[in-house]
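Printed here is protein.txt (compact mmCIF, C-alpha atoms and all ligand atoms):
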```
# COMPACT_ATOMS: atom_id res chain seq x y z
CA MET A 1459 -150.50 -148.85 126.92
CA GLN A 1460 -148.27 -146.93 124.52
CA PRO A 1461 -144.52 -147.52 124.95
CA ILE A 1462 -142.37 -144.66 126.25
CA ASN A 1463 -140.13 -143.38 123.49
CA ILE A 1464 -136.52 -142.60 124.38
CA GLY A 1465 -134.37 -140.26 122.31
CA LEU A 1466 -130.72 -141.00 123.08
CA MET A 1467 -128.30 -138.14 122.44
CA GLY A 1468 -124.70 -139.35 122.48
CA VAL A 1469 -123.81 -142.99 121.84
CA GLY A 1470 -120.37 -143.12 123.46
CA THR A 1471 -119.41 -145.28 126.44
CA VAL A 1472 -122.43 -144.46 128.63
CA GLY A 1473 -124.83 -144.18 125.67
CA GLY A 1474 -123.74 -147.63 124.49
CA GLY A 1475 -124.19 -148.99 128.01
CA THR A 1476 -127.66 -147.45 128.20
CA ALA A 1477 -128.69 -149.10 124.91
CA THR A 1478 -127.33 -152.42 126.20
CA VAL A 1479 -129.14 -152.25 129.54
CA LEU A 1480 -132.45 -151.15 127.96
CA LYS A 1481 -132.27 -154.13 125.62
CA ARG A 1482 -130.86 -156.73 127.98
CA ASN A 1483 -133.27 -155.98 130.84
CA ALA A 1484 -136.27 -154.88 128.75
CA GLU A 1485 -138.63 -157.34 130.42
CA GLU A 1486 -137.62 -156.46 134.01
CA ILE A 1487 -137.67 -152.76 133.21
CA SER A 1488 -141.17 -152.80 131.73
CA ARG A 1489 -142.44 -154.87 134.69
CA ARG A 1490 -141.14 -152.09 136.93
CA ALA A 1491 -142.21 -149.12 134.85
CA GLY A 1492 -145.61 -150.55 133.95
CA ARG A 1493 -144.96 -149.75 130.28
CA GLU A 1494 -142.56 -150.78 127.59
CA ILE A 1495 -139.56 -148.44 127.35
CA ARG A 1496 -138.37 -148.27 123.77
CA LEU A 1497 -135.18 -146.82 122.33
CA PHE A 1498 -136.92 -144.78 119.64
CA MET A 1499 -134.12 -142.75 118.09
CA ALA A 1500 -130.43 -142.00 118.66
CA ALA A 1501 -128.12 -139.15 117.71
CA ASN A 1502 -124.37 -139.39 117.35
CA ARG A 1503 -121.70 -137.59 115.35
CA GLU A 1504 -120.31 -140.91 114.13
CA LEU A 1505 -123.35 -142.54 112.58
CA GLU A 1506 -121.84 -145.92 111.78
CA ARG A 1507 -120.49 -146.45 115.28
CA ALA A 1508 -123.88 -145.61 116.76
CA ARG A 1509 -125.70 -147.94 114.34
CA GLU A 1510 -123.48 -150.82 115.42
CA VAL A 1511 -124.45 -150.14 119.03
CA VAL A 1512 -128.20 -149.55 118.78
CA GLY A 1513 -128.91 -152.05 116.00
CA PRO A 1514 -130.81 -151.79 112.75
CA ASP A 1515 -134.26 -151.03 114.22
CA VAL A 1516 -133.35 -147.69 115.79
CA PRO A 1517 -132.96 -144.69 113.45
CA VAL A 1518 -129.70 -142.79 114.00
CA VAL A 1519 -129.24 -139.11 113.11
CA ASP A 1520 -126.20 -136.88 113.37
CA ASP A 1521 -128.11 -133.79 114.51
CA ALA A 1522 -129.41 -134.19 118.06
CA MET A 1523 -131.87 -131.30 117.54
CA GLN A 1524 -133.93 -133.75 115.49
CA ILE A 1525 -134.49 -135.76 118.66
CA VAL A 1526 -135.30 -132.73 120.77
CA ASN A 1527 -137.84 -131.54 118.17
CA HIS A 1528 -139.35 -134.93 117.35
CA PRO A 1529 -143.02 -134.96 118.41
CA ASP A 1530 -142.97 -138.66 119.38
CA VAL A 1531 -139.97 -138.55 121.71
CA ASP A 1532 -141.15 -138.62 125.37
CA ILE A 1533 -137.82 -138.62 127.24
CA VAL A 1534 -134.60 -137.09 125.97
CA VAL A 1535 -131.45 -138.72 127.37
CA GLU A 1536 -128.50 -136.34 127.19
CA LEU A 1537 -125.13 -138.13 127.25
CA ILE A 1538 -123.13 -135.68 125.17
CA GLY A 1539 -121.39 -133.91 128.05
CA GLY A 1540 -119.99 -130.38 128.36
CA ASP A 1541 -122.08 -127.26 128.75
CA THR A 1542 -122.35 -125.76 125.27
CA ILE A 1543 -124.33 -127.92 122.81
CA ALA A 1544 -125.68 -130.01 125.67
CA LYS A 1545 -127.13 -126.91 127.34
CA GLU A 1546 -128.78 -125.76 124.14
CA LEU A 1547 -130.31 -129.20 123.58
CA VAL A 1548 -131.54 -129.62 127.14
CA LEU A 1549 -133.15 -126.16 127.23
CA LYS A 1550 -134.81 -126.78 123.87
CA ALA A 1551 -136.08 -130.18 125.02
CA ILE A 1552 -137.60 -128.55 128.10
CA GLU A 1553 -139.15 -125.81 125.99
CA ASN A 1554 -140.68 -128.55 123.83
CA GLY A 1555 -142.22 -130.11 126.96
CA LYS A 1556 -139.95 -133.15 127.02
CA HIS A 1557 -138.57 -134.81 130.12
CA VAL A 1558 -134.80 -135.00 130.35
CA VAL A 1559 -132.44 -137.56 131.83
CA THR A 1560 -128.81 -136.45 131.96
CA ALA A 1561 -125.46 -137.67 133.29
CA ASN A 1562 -123.96 -134.21 132.80
CA LYS A 1563 -122.52 -132.97 136.11
CA LYS A 1564 -120.87 -129.87 134.67
CA LEU A 1565 -124.07 -128.75 132.97
CA LEU A 1566 -126.03 -128.98 136.23
CA ALA A 1567 -123.36 -127.66 138.59
CA VAL A 1568 -122.84 -124.59 136.40
CA HIS A 1569 -126.26 -124.02 134.79
CA GLY A 1570 -128.55 -126.11 137.00
CA ASN A 1571 -130.40 -123.14 138.53
CA GLU A 1572 -131.52 -121.96 135.10
CA ILE A 1573 -132.32 -125.46 133.86
CA PHE A 1574 -134.42 -126.42 136.87
CA ALA A 1575 -136.28 -123.10 136.79
CA ARG A 1576 -137.22 -123.65 133.14
CA ALA A 1577 -138.20 -127.27 133.84
CA GLN A 1578 -140.37 -126.09 136.73
CA GLU A 1579 -142.15 -123.56 134.50
CA LYS A 1580 -142.82 -126.20 131.86
CA GLY A 1581 -143.80 -128.93 134.35
CA VAL A 1582 -141.19 -131.41 133.10
CA MET A 1583 -138.68 -133.54 134.96
CA VAL A 1584 -134.90 -133.31 134.71
CA ALA A 1585 -133.39 -136.43 136.29
CA PHE A 1586 -129.67 -136.69 136.98
CA GLU A 1587 -128.78 -139.74 139.11
CA ALA A 1588 -125.91 -140.63 136.75
CA ALA A 1589 -124.30 -137.22 137.19
CA VAL A 1590 -122.92 -138.06 140.64
CA ALA A 1591 -120.87 -141.15 141.50
CA GLY A 1592 -121.92 -143.12 138.40
CA GLY A 1593 -123.97 -146.14 139.38
CA ILE A 1594 -124.31 -145.37 143.11
CA PRO A 1595 -127.90 -144.19 143.72
CA ILE A 1596 -126.72 -141.31 145.88
CA ILE A 1597 -129.13 -138.70 144.51
CA LYS A 1598 -132.06 -140.95 145.37
CA ALA A 1599 -130.61 -141.62 148.82
CA LEU A 1600 -130.06 -137.94 149.63
CA ARG A 1601 -133.23 -136.64 148.05
CA GLU A 1602 -135.67 -139.30 149.22
CA GLY A 1603 -134.10 -141.86 151.55
CA LEU A 1604 -132.78 -139.22 153.98
CA SER A 1605 -135.62 -136.72 153.64
CA ALA A 1606 -136.52 -137.01 157.35
CA ASN A 1607 -133.08 -135.76 158.32
CA ARG A 1608 -131.32 -132.49 158.71
CA ILE A 1609 -128.24 -133.44 156.72
CA GLU A 1610 -125.10 -132.21 158.48
CA TRP A 1611 -122.32 -133.18 156.11
CA ILE A 1612 -121.39 -135.19 153.05
CA ALA A 1613 -117.92 -136.48 152.24
CA GLY A 1614 -117.15 -138.41 149.10
CA ILE A 1615 -114.47 -140.08 147.05
CA ILE A 1616 -116.17 -139.07 143.83
CA ASN A 1617 -113.43 -139.14 141.22
CA GLY A 1618 -112.26 -142.61 140.25
CA THR A 1619 -109.24 -141.40 138.27
CA SER A 1620 -107.76 -139.59 141.26
CA ASN A 1621 -108.56 -142.45 143.58
CA PHE A 1622 -106.81 -144.87 141.26
CA ILE A 1623 -103.71 -142.63 141.19
CA LEU A 1624 -103.65 -142.21 144.99
CA THR A 1625 -104.12 -145.95 145.52
CA GLU A 1626 -101.21 -146.76 143.21
CA MET A 1627 -98.98 -144.10 144.80
CA ARG A 1628 -99.60 -145.68 148.17
CA ASP A 1629 -99.36 -149.33 147.11
CA LYS A 1630 -96.28 -149.00 144.90
CA GLY A 1631 -94.61 -145.97 146.42
CA SER A 1632 -94.55 -144.42 142.91
CA SER A 1633 -94.58 -140.72 142.13
CA PHE A 1634 -97.68 -138.87 140.95
CA ALA A 1635 -96.20 -138.39 137.45
CA ASP A 1636 -95.35 -142.09 136.99
CA VAL A 1637 -98.77 -143.27 138.13
CA LEU A 1638 -100.54 -140.71 135.95
CA ALA A 1639 -98.63 -141.94 132.89
CA GLU A 1640 -99.60 -145.53 133.76
CA ALA A 1641 -103.26 -144.53 134.28
CA GLN A 1642 -103.27 -142.87 130.87
CA ARG A 1643 -101.77 -145.98 129.28
CA LEU A 1644 -104.52 -148.13 130.87
CA GLY A 1645 -107.23 -145.72 129.73
CA TYR A 1646 -108.24 -144.71 133.30
CA ALA A 1647 -107.04 -141.15 132.82
CA GLU A 1648 -107.78 -138.85 129.88
CA ALA A 1649 -104.99 -137.51 127.64
CA ASP A 1650 -105.74 -134.14 129.30
CA PRO A 1651 -106.40 -135.24 132.87
CA THR A 1652 -106.83 -131.74 134.37
CA PHE A 1653 -110.54 -132.09 134.97
CA ASP A 1654 -110.12 -135.21 137.07
CA ILE A 1655 -106.85 -134.59 138.89
CA GLU A 1656 -107.38 -130.92 139.72
CA GLY A 1657 -110.74 -131.56 141.38
CA HIS A 1658 -113.13 -129.99 138.83
CA ASP A 1659 -115.09 -133.20 138.22
CA ALA A 1660 -115.37 -133.87 141.96
CA GLY A 1661 -116.36 -130.22 142.52
CA HIS A 1662 -119.24 -130.50 140.06
CA LYS A 1663 -120.53 -133.62 141.79
CA LEU A 1664 -120.09 -132.12 145.26
CA THR A 1665 -121.94 -128.95 144.22
CA ILE A 1666 -124.93 -131.03 143.11
CA MET A 1667 -124.95 -133.07 146.34
CA ALA A 1668 -124.69 -129.96 148.53
CA SER A 1669 -127.61 -128.43 146.72
CA ILE A 1670 -129.95 -131.35 147.34
CA ALA A 1671 -128.65 -132.00 150.85
CA PHE A 1672 -129.09 -128.45 152.16
CA GLY A 1673 -131.71 -127.00 149.82
CA ILE A 1674 -129.43 -124.33 148.36
CA PRO A 1675 -128.92 -123.20 144.74
CA MET A 1676 -126.04 -124.70 142.73
CA GLN A 1677 -122.91 -122.61 143.37
CA PHE A 1678 -119.98 -124.30 141.67
CA ASP A 1679 -118.16 -120.97 141.35
CA LYS A 1680 -117.82 -120.91 145.16
CA CYS A 1681 -116.52 -124.47 145.48
CA TYR A 1682 -112.88 -124.61 146.63
CA LEU A 1683 -110.81 -126.89 144.39
CA GLU A 1684 -107.39 -128.31 145.15
CA GLY A 1685 -106.26 -131.37 143.19
CA ILE A 1686 -103.68 -134.09 143.70
CA SER A 1687 -101.03 -133.06 141.14
CA GLN A 1688 -98.81 -131.40 143.77
CA LEU A 1689 -99.04 -134.30 146.21
CA ASP A 1690 -95.67 -135.72 147.25
CA GLY A 1691 -95.42 -139.48 147.85
CA ARG A 1692 -93.59 -138.72 151.11
CA ASP A 1693 -96.77 -137.27 152.61
CA ILE A 1694 -98.77 -140.38 151.70
CA LYS A 1695 -96.07 -142.45 153.44
CA TYR A 1696 -95.84 -140.26 156.57
CA ALA A 1697 -99.64 -140.10 156.81
CA GLU A 1698 -99.70 -143.89 156.71
CA GLU A 1699 -97.14 -144.09 159.53
CA LEU A 1700 -99.47 -141.90 161.58
CA GLY A 1701 -102.50 -144.14 160.80
CA TYR A 1702 -104.09 -142.17 157.95
CA ARG A 1703 -104.83 -142.61 154.24
CA VAL A 1704 -104.77 -139.68 151.81
CA LYS A 1705 -107.85 -139.39 149.57
CA LEU A 1706 -109.16 -136.71 147.23
CA LEU A 1707 -112.28 -135.86 149.20
CA GLY A 1708 -115.24 -133.70 148.26
CA LEU A 1709 -116.61 -132.36 151.52
CA THR A 1710 -119.60 -130.17 152.25
CA ARG A 1711 -120.68 -129.29 155.77
CA ARG A 1712 -123.39 -127.12 157.26
CA THR A 1713 -122.09 -124.79 160.00
CA ASP A 1714 -123.64 -121.88 161.91
CA ALA A 1715 -121.62 -119.45 159.77
CA GLY A 1716 -122.43 -120.99 156.38
CA ILE A 1717 -121.68 -123.98 154.22
CA GLU A 1718 -118.26 -125.46 153.58
CA LEU A 1719 -117.87 -126.67 149.98
CA ARG A 1720 -114.42 -127.99 149.23
CA VAL A 1721 -112.44 -130.58 147.28
CA HIS A 1722 -108.85 -131.36 148.31
CA PRO A 1723 -106.48 -134.17 149.29
CA THR A 1724 -107.47 -135.21 152.81
CA LEU A 1725 -106.05 -137.43 155.53
CA ILE A 1726 -108.68 -139.90 156.80
CA PRO A 1727 -108.12 -142.37 159.68
CA GLU A 1728 -107.26 -145.73 158.13
CA ASP A 1729 -109.91 -147.59 160.12
CA ARG A 1730 -112.79 -145.69 158.48
CA LEU A 1731 -114.50 -147.78 155.79
CA ILE A 1732 -114.23 -144.90 153.34
CA ALA A 1733 -110.45 -144.79 153.80
CA ASN A 1734 -110.35 -148.28 152.31
CA VAL A 1735 -112.14 -147.42 149.08
CA ASN A 1736 -109.45 -148.12 146.53
CA GLY A 1737 -108.74 -148.06 142.80
CA VAL A 1738 -111.40 -146.45 140.61
CA MET A 1739 -114.24 -147.11 143.07
CA ASN A 1740 -116.32 -144.27 144.55
CA ALA A 1741 -117.97 -143.87 147.95
CA VAL A 1742 -120.06 -141.19 149.61
CA MET A 1743 -120.69 -140.70 153.33
CA ALA A 1744 -123.69 -138.65 154.40
CA LYS A 1745 -124.40 -137.73 158.01
CA GLY A 1746 -128.00 -137.03 158.98
CA ASP A 1747 -129.07 -135.88 162.44
CA ALA A 1748 -131.50 -138.79 162.84
CA ILE A 1749 -129.70 -141.62 161.07
CA GLY A 1750 -126.09 -140.72 161.91
CA PRO A 1751 -123.32 -141.46 159.40
CA THR A 1752 -124.20 -143.56 156.33
CA LEU A 1753 -121.99 -144.89 153.53
CA TYR A 1754 -122.72 -145.65 149.87
CA TYR A 1755 -120.17 -147.51 147.75
CA GLY A 1756 -119.91 -148.63 144.14
CA ALA A 1757 -118.62 -147.99 140.65
CA GLY A 1758 -118.42 -144.28 139.90
CA ALA A 1759 -117.93 -144.59 136.16
CA GLY A 1760 -118.02 -147.07 133.30
CA ALA A 1761 -120.57 -148.03 130.66
CA LEU A 1762 -122.91 -150.36 132.53
CA PRO A 1763 -122.66 -148.86 136.05
CA THR A 1764 -123.48 -145.39 134.75
CA ALA A 1765 -126.19 -146.82 132.49
CA SER A 1766 -127.69 -148.40 135.61
CA ALA A 1767 -128.32 -144.88 136.95
CA VAL A 1768 -129.50 -143.50 133.60
CA VAL A 1769 -132.05 -146.28 133.13
CA ALA A 1770 -133.24 -146.01 136.75
CA ASP A 1771 -134.00 -142.34 136.02
CA ILE A 1772 -135.87 -143.31 132.85
CA VAL A 1773 -137.99 -145.73 134.89
CA ASP A 1774 -138.66 -143.03 137.51
CA VAL A 1775 -139.74 -140.54 134.87
CA ALA A 1776 -141.91 -143.16 133.16
CA ARG A 1777 -143.69 -143.92 136.44
CA LEU A 1778 -144.34 -140.25 137.17
CA LEU A 1779 -145.38 -139.13 133.70
CA THR A 1780 -149.01 -138.91 134.67
CA ALA A 1781 -148.44 -137.35 138.12
CA ASP A 1782 -149.15 -133.63 138.56
CA PRO A 1783 -145.85 -131.71 138.59
CA GLU A 1784 -146.50 -130.52 142.15
CA HIS A 1785 -146.77 -134.12 143.34
CA ARG A 1786 -143.38 -135.14 141.99
CA VAL A 1787 -140.17 -135.19 144.02
CA PRO A 1788 -138.68 -131.68 143.65
CA HIS A 1789 -135.54 -131.55 141.49
CA LEU A 1790 -133.38 -130.29 144.34
CA ALA A 1791 -135.21 -132.23 147.09
CA PHE A 1792 -136.67 -129.05 148.62
CA GLN A 1793 -139.65 -127.16 147.18
CA PRO A 1794 -138.26 -124.61 144.68
CA ASP A 1795 -139.69 -121.64 146.61
CA ARG A 1796 -138.11 -122.93 149.83
CA LEU A 1797 -134.47 -123.00 148.69
CA GLN A 1798 -132.24 -120.95 150.99
CA ASP A 1799 -129.38 -118.70 150.00
CA THR A 1800 -127.09 -119.85 152.81
CA PRO A 1801 -123.60 -118.44 152.15
CA ILE A 1802 -120.76 -120.70 151.03
CA LEU A 1803 -117.77 -120.04 153.29
CA PRO A 1804 -114.44 -118.88 151.81
CA ILE A 1805 -111.77 -121.54 152.34
CA ASP A 1806 -109.93 -119.61 155.06
CA GLU A 1807 -113.08 -119.67 157.20
CA ILE A 1808 -113.51 -123.46 157.23
CA HIS A 1809 -112.57 -125.58 160.25
CA SER A 1810 -110.41 -128.68 159.90
CA SER A 1811 -107.51 -130.53 161.45
CA TYR A 1812 -104.19 -130.25 159.63
CA TYR A 1813 -101.10 -132.22 158.67
CA LEU A 1814 -97.99 -130.04 158.40
CA ARG A 1815 -94.59 -131.11 157.09
CA ILE A 1816 -91.78 -128.71 157.85
CA ALA A 1817 -88.17 -128.92 156.67
CA ALA A 1818 -86.22 -127.60 159.64
CA ALA A 1819 -82.63 -127.41 160.85
CA ASP A 1820 -81.90 -130.28 163.27
CA ARG A 1821 -80.61 -128.23 166.20
CA THR A 1822 -81.56 -127.32 169.75
CA GLY A 1823 -84.65 -125.18 170.15
CA VAL A 1824 -86.02 -125.38 166.61
CA LEU A 1825 -88.97 -127.56 167.56
CA ALA A 1826 -89.68 -125.24 170.49
CA GLU A 1827 -89.80 -122.27 168.10
CA ILE A 1828 -92.24 -124.04 165.78
CA THR A 1829 -94.54 -125.24 168.54
CA ARG A 1830 -94.47 -121.76 170.12
CA LEU A 1831 -95.73 -120.24 166.84
CA LEU A 1832 -98.50 -122.83 166.68
CA ALA A 1833 -99.51 -122.08 170.27
CA ASP A 1834 -99.43 -118.32 169.59
CA ASN A 1835 -102.00 -118.90 166.85
CA GLY A 1836 -104.26 -120.98 169.08
CA ILE A 1837 -103.33 -124.28 167.43
CA SER A 1838 -103.19 -127.41 169.56
CA ILE A 1839 -100.95 -130.32 168.49
CA GLU A 1840 -102.37 -133.84 168.32
CA ALA A 1841 -99.24 -135.72 167.19
CA LEU A 1842 -95.70 -134.91 166.15
CA ILE A 1843 -92.92 -136.94 164.57
CA GLN A 1844 -89.46 -136.01 163.41
CA LYS A 1845 -88.08 -137.85 160.41
CA GLY A 1846 -84.32 -138.51 160.67
CA ALA A 1847 -81.79 -135.78 160.08
CA ASP A 1848 -80.03 -135.60 156.71
CA ALA A 1849 -76.27 -135.26 156.33
CA ASP A 1850 -76.80 -131.53 155.79
CA GLY A 1851 -78.28 -131.23 159.28
CA SER A 1852 -81.91 -130.75 158.20
CA ALA A 1853 -84.82 -132.84 159.40
CA GLU A 1854 -88.49 -133.13 158.59
CA VAL A 1855 -91.00 -132.39 161.30
CA VAL A 1856 -94.52 -133.72 160.74
CA ILE A 1857 -97.28 -132.31 162.93
CA LEU A 1858 -100.96 -133.19 163.19
CA THR A 1859 -103.12 -130.47 164.70
CA HIS A 1860 -106.48 -130.46 166.42
CA ARG A 1861 -109.41 -128.71 164.75
CA VAL A 1862 -108.89 -125.05 164.06
CA GLN A 1863 -109.97 -122.36 161.60
CA GLU A 1864 -107.92 -122.40 158.39
CA LYS A 1865 -106.91 -118.75 158.64
CA GLN A 1866 -105.17 -119.48 161.98
CA VAL A 1867 -103.16 -122.24 160.33
CA ASN A 1868 -102.26 -119.95 157.43
CA ARG A 1869 -101.00 -117.32 159.86
CA ALA A 1870 -98.94 -119.90 161.74
CA ILE A 1871 -97.49 -121.31 158.49
CA ALA A 1872 -96.43 -117.82 157.35
CA SER A 1873 -94.59 -117.26 160.66
CA ILE A 1874 -92.99 -120.71 160.56
CA GLU A 1875 -91.79 -120.20 156.98
CA ALA A 1876 -90.18 -116.93 158.09
CA LEU A 1877 -87.95 -118.71 160.66
CA ASP A 1878 -84.24 -118.90 159.75
CA SER A 1879 -84.25 -122.51 160.87
CA VAL A 1880 -86.98 -123.51 158.39
CA ALA A 1881 -86.27 -124.16 154.72
CA GLY A 1882 -88.80 -123.76 151.92
CA LYS A 1883 -92.56 -124.03 152.06
CA VAL A 1884 -94.51 -125.84 154.76
CA VAL A 1885 -96.61 -128.66 153.27
CA ARG A 1886 -100.16 -128.39 154.52
CA LEU A 1887 -102.90 -131.03 154.08
CA ARG A 1888 -106.33 -131.07 155.67
CA MET A 1889 -107.41 -133.96 157.87
CA GLU A 1890 -110.96 -135.12 158.65
CA GLU A 1891 -112.04 -137.69 161.25
CA LEU A 1892 -115.39 -138.48 159.55
CA ASN A 1893 -116.57 -140.11 162.75
CA GLY A 1894 -120.00 -138.51 162.81
N1 LIG B 1901 -113.86 -139.10 135.15
C1 LIG B 1901 -114.69 -139.45 136.27
C2 LIG B 1901 -113.87 -140.24 137.25
C3 LIG B 1901 -115.90 -140.24 135.91
O1 LIG B 1901 -112.68 -140.44 137.07
O2 LIG B 1901 -114.44 -140.64 138.25
C4 LIG B 1901 -116.97 -139.40 135.30
O3 LIG B 1901 -117.33 -138.36 136.17
```
As structure tokens - that is how I would like this structure written.
Amino acid sequence: MQPINIGLMGVGTVGGGTATVLKRNAEEISRRAGREIRLFMAANRELERAREVVGPDVPVVDDAMQIVNHPDVDIVVELIGGDTIAKELVLKAIENGKHVVTANKKLLAVHGNEIFARAQEKGVMVAFEAAVAGGIPIIKALREGLSANRIEWIAGIINGTSNFILTEMRDKGSSFADVLAEAQRLGYAEADPTFDIEGHDAGHKLTIMASIAFGIPMQFDKCYLEGISQLDGRDIKYAEELGYRVKLLGLTRRTDAGIELRVHPTLIPEDRLIANVNGVMNAVMAKGDAIGPTLYYGAGAGALPTASAVVADIVDVARLLTADPEHRVPHLAFQPDRLQDTPILPIDEIHSSYYLRIAAADRTGVLAEITRLLADNGISIEALIQKGADADGSAEVVILTHRVQEKQVNRAIASIEALDSVAGKVVRLRMEELNG
């Protein structure tokens, strides 16, 4: 049987890992795919660097369009990133009837609806396991492994950079700024870390998971994003004293009113497995009505872990090349004509528990005033601690609430901040039990 020809676009970290895995495990991979999978051609801006990686037998070009337009390329692997050139290349590949494997979360979260519609029309596959949580086969798990279930919610630590920073802040008691500088020095964080620390990267991944879990179109523009850059080390410490860890969580939940789609720092009980996912590692919990809560853990980035997902997609595509398009697993798990336009809820309509830190005067009746305002807004308190009074007579009150709608908490916070006895802004973090 003819080998499958791979056109690799982008020979950076993941592209290099993909070339390595295809070569190193060629025998195992062809035993699985039933055909030889051959790196046929590569494209990279820096030709010499790419040649060193793919070796002398693979032609390297600097214009990726040559791959997309080459008649002998069967599967185009897009590892360029971003949503400008990559989008053009992927759409052209589809138009040319080529199957696509991509690790590009932004491209799919923002333009996925258009890309999948075009792929559907042309009867080609667009596979994207590597786009979410690197090497963890979470797309496969959600799309196929849990297909008997009505999926209720997904919660994930899906940005390794942020998780590394939060882990260091907790372990060393360092500030966000100090840990970020250290992460940049070690190469864990980009020179411009905005994408990772402000939740964009996690939001892209969450958007993709929500789409395949609930059978809804990609709606990244409706995903609520709140990063970790404003997080104060004190809150990590107080949360710990109350039995919680703070993680940047991507959370999507189906409710009667619509779908919650949100990324933000979150308190999680310390005895949950996911609360103990540390450093750059990723983990995703998915709750199905039949199976209950499930947990998937592994490396969310890096050359070989991400290549593991890219090559698994190549094998999948190779196996299904001869299957009729209608007999393949649908891109978004649900049949394209059965996607539902369930609304994404605005953030003030979500339900959560909350952690509040209030700087208040340490005098008689202040706590009573605060708790009265919470009660007036229908908010029930789960726990409360007061951190020692300062010489200036102010104290910090930390309150954990029971579950409530966010707009009620916002109203209560506004009233609390208006009290004479309260100084500055109330710190508000969301808290999730994740107990199924
Ligand atoms: N920058 C991401 C992270 C990996 O820190 O997890 C690629 O999405």
Ligand LIG 1901 (chain B) neighbours within 9 Å using all atoms listed in the file, as a ChimeraX atom specification: /A:1561-1563,1588-1592,1615-1622,1646-1648,1651,1653-1655,1659-1660,1662-1663,1738-1740,1757-1760,1764
Selection to disk with C-alpha atoms, as a PDB file, keeping the file's coordinate frame:
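Below is the file again23.pdb, written as the result:
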```pdb
ATOM      1  CA  ALA A1561    -125.460-137.670 133.290  1.00  0.00           C
ATOM      2  CA  ASN A1562    -123.960-134.210 132.800  1.00  0.00           C
ATOM      3  CA  LYS A1563    -122.520-132.970 136.110  1.00  0.00           C
ATOM      4  CA  ALA A1588    -125.910-140.630 136.750  1.00  0.00           C
ATOM      5  CA  ALA A1589    -124.300-137.220 137.190  1.00  0.00           C
ATOM      6  CA  VAL A1590    -122.920-138.060 140.640  1.00  0.00           C
ATOM      7  CA  ALA A1591    -120.870-141.150 141.500  1.00  0.00           C
ATOM      8  CA  GLY A1592    -121.920-143.120 138.400  1.00  0.00           C
ATOM      9  CA  ILE A1615    -114.470-140.080 147.050  1.00  0.00           C
ATOM     10  CA  ILE A1616    -116.170-139.070 143.830  1.00  0.00           C
ATOM     11  CA  ASN A1617    -113.430-139.140 141.220  1.00  0.00           C
ATOM     12  CA  GLY A1618    -112.260-142.610 140.250  1.00  0.00           C
ATOM     13  CA  THR A1619    -109.240-141.400 138.270  1.00  0.00           C
ATOM     14  CA  SER A1620    -107.760-139.590 141.260  1.00  0.00           C
ATOM     15  CA  ASN A1621    -108.560-142.450 143.580  1.00  0.00           C
ATOM     16  CA  PHE A1622    -106.810-144.870 141.260  1.00  0.00           C
ATOM     17  CA  TYR A1646    -108.240-144.710 133.300  1.00  0.00           C
ATOM     18  CA  ALA A1647    -107.040-141.150 132.820  1.00  0.00           C
ATOM     19  CA  GLU A1648    -107.780-138.850 129.880  1.00  0.00           C
ATOM     20  CA  PRO A1651    -106.400-135.240 132.870  1.00  0.00           C
ATOM     21  CA  PHE A1653    -110.540-132.090 134.970  1.00  0.00           C
ATOM     22  CA  ASP A1654    -110.120-135.210 137.070  1.00  0.00           C
ATOM     23  CA  ILE A1655    -106.850-134.590 138.890  1.00  0.00           C
ATOM     24  CA  ASP A1659    -115.090-133.200 138.220  1.00  0.00           C
ATOM     25  CA  ALA A1660    -115.370-133.870 141.960  1.00  0.00           C
ATOM     26  CA  HIS A1662    -119.240-130.500 140.060  1.00  0.00           C
ATOM     27  CA  LYS A1663    -120.530-133.620 141.790  1.00  0.00           C
ATOM     28  CA  VAL A1738    -111.400-146.450 140.610  1.00  0.00           C
ATOM     29  CA  MET A1739    -114.240-147.110 143.070  1.00  0.00           C
ATOM     30  CA  ASN A1740    -116.320-144.270 144.550  1.00  0.00           C
ATOM     31  CA  ALA A1757    -118.620-147.990 140.650  1.00  0.00           C
ATOM     32  CA  GLY A1758    -118.420-144.280 139.900  1.00  0.00           C
ATOM     33  CA  ALA A1759    -117.930-144.590 136.160  1.00  0.00           C
ATOM     34  CA  GLY A1760    -118.020-147.070 133.300  1.00  0.00           C
ATOM     35  CA  THR A1764    -123.480-145.390 134.750  1.00  0.00           C
TER      36      THR A1764
END
```
task: Please provide as number ranges by chain all residues within 10 Å of A:Gly1581, with the sequence filter that same-chain residues fewer than 6 positions apart are discarded (counting all atoms listed in the file).
output: A: 1552, 1555-1557, 1575, 1782-1784, 1786
- line: Across A:Ser1852, A:Thr1752, A:Thr1542, A:Gln1866, the smallest distance to A:Asn1893, with only C-alpha atoms counted, is shown by A:Thr1752
Take every atom of stretch 1640-1651 of chain A listed in the file, fit an axis-aligned box around them, add 6 Å per side, and give the centre and edge lengths in Å to one decimal as lines of an AutoDock Vina configuration file.
```
center_x = -103.9
center_y = -141.1
center_z = 131.0
size_x = 20.6
size_y = 26.0
size_z = 18.6
```
query: Which residue out of A:Arg1628, A:Gly1685, A:Ala1781, A:Val1769 has the minimum interatomic distance to A:Val1534 when all atoms listed in the file are used?
result: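 Ranked by minimum distance to A:Val1534, first place goes to A:Val1769.
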query: Skipping near chain neighbours, those fewer than 2 positions away, what residues fall within 12 Å of stretch 1692-1696 of chain A using only C-alpha atoms, listed as a ChimeraX atom specification?
result: /A:1623-1634,1686,1688-1690,1698-1706,1723-1726,1728,1813-1816,1842-1845,1854-1858,1884-1888
field: Residue with smallest distance to A:Thr1780 - pool A:Val1880, A:Ile1874, A:Val1582, A:Ile1749, counting all atoms listed in the file
entry: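 Closest to A:Thr1780, using all atoms listed in the file: A:Val1582.
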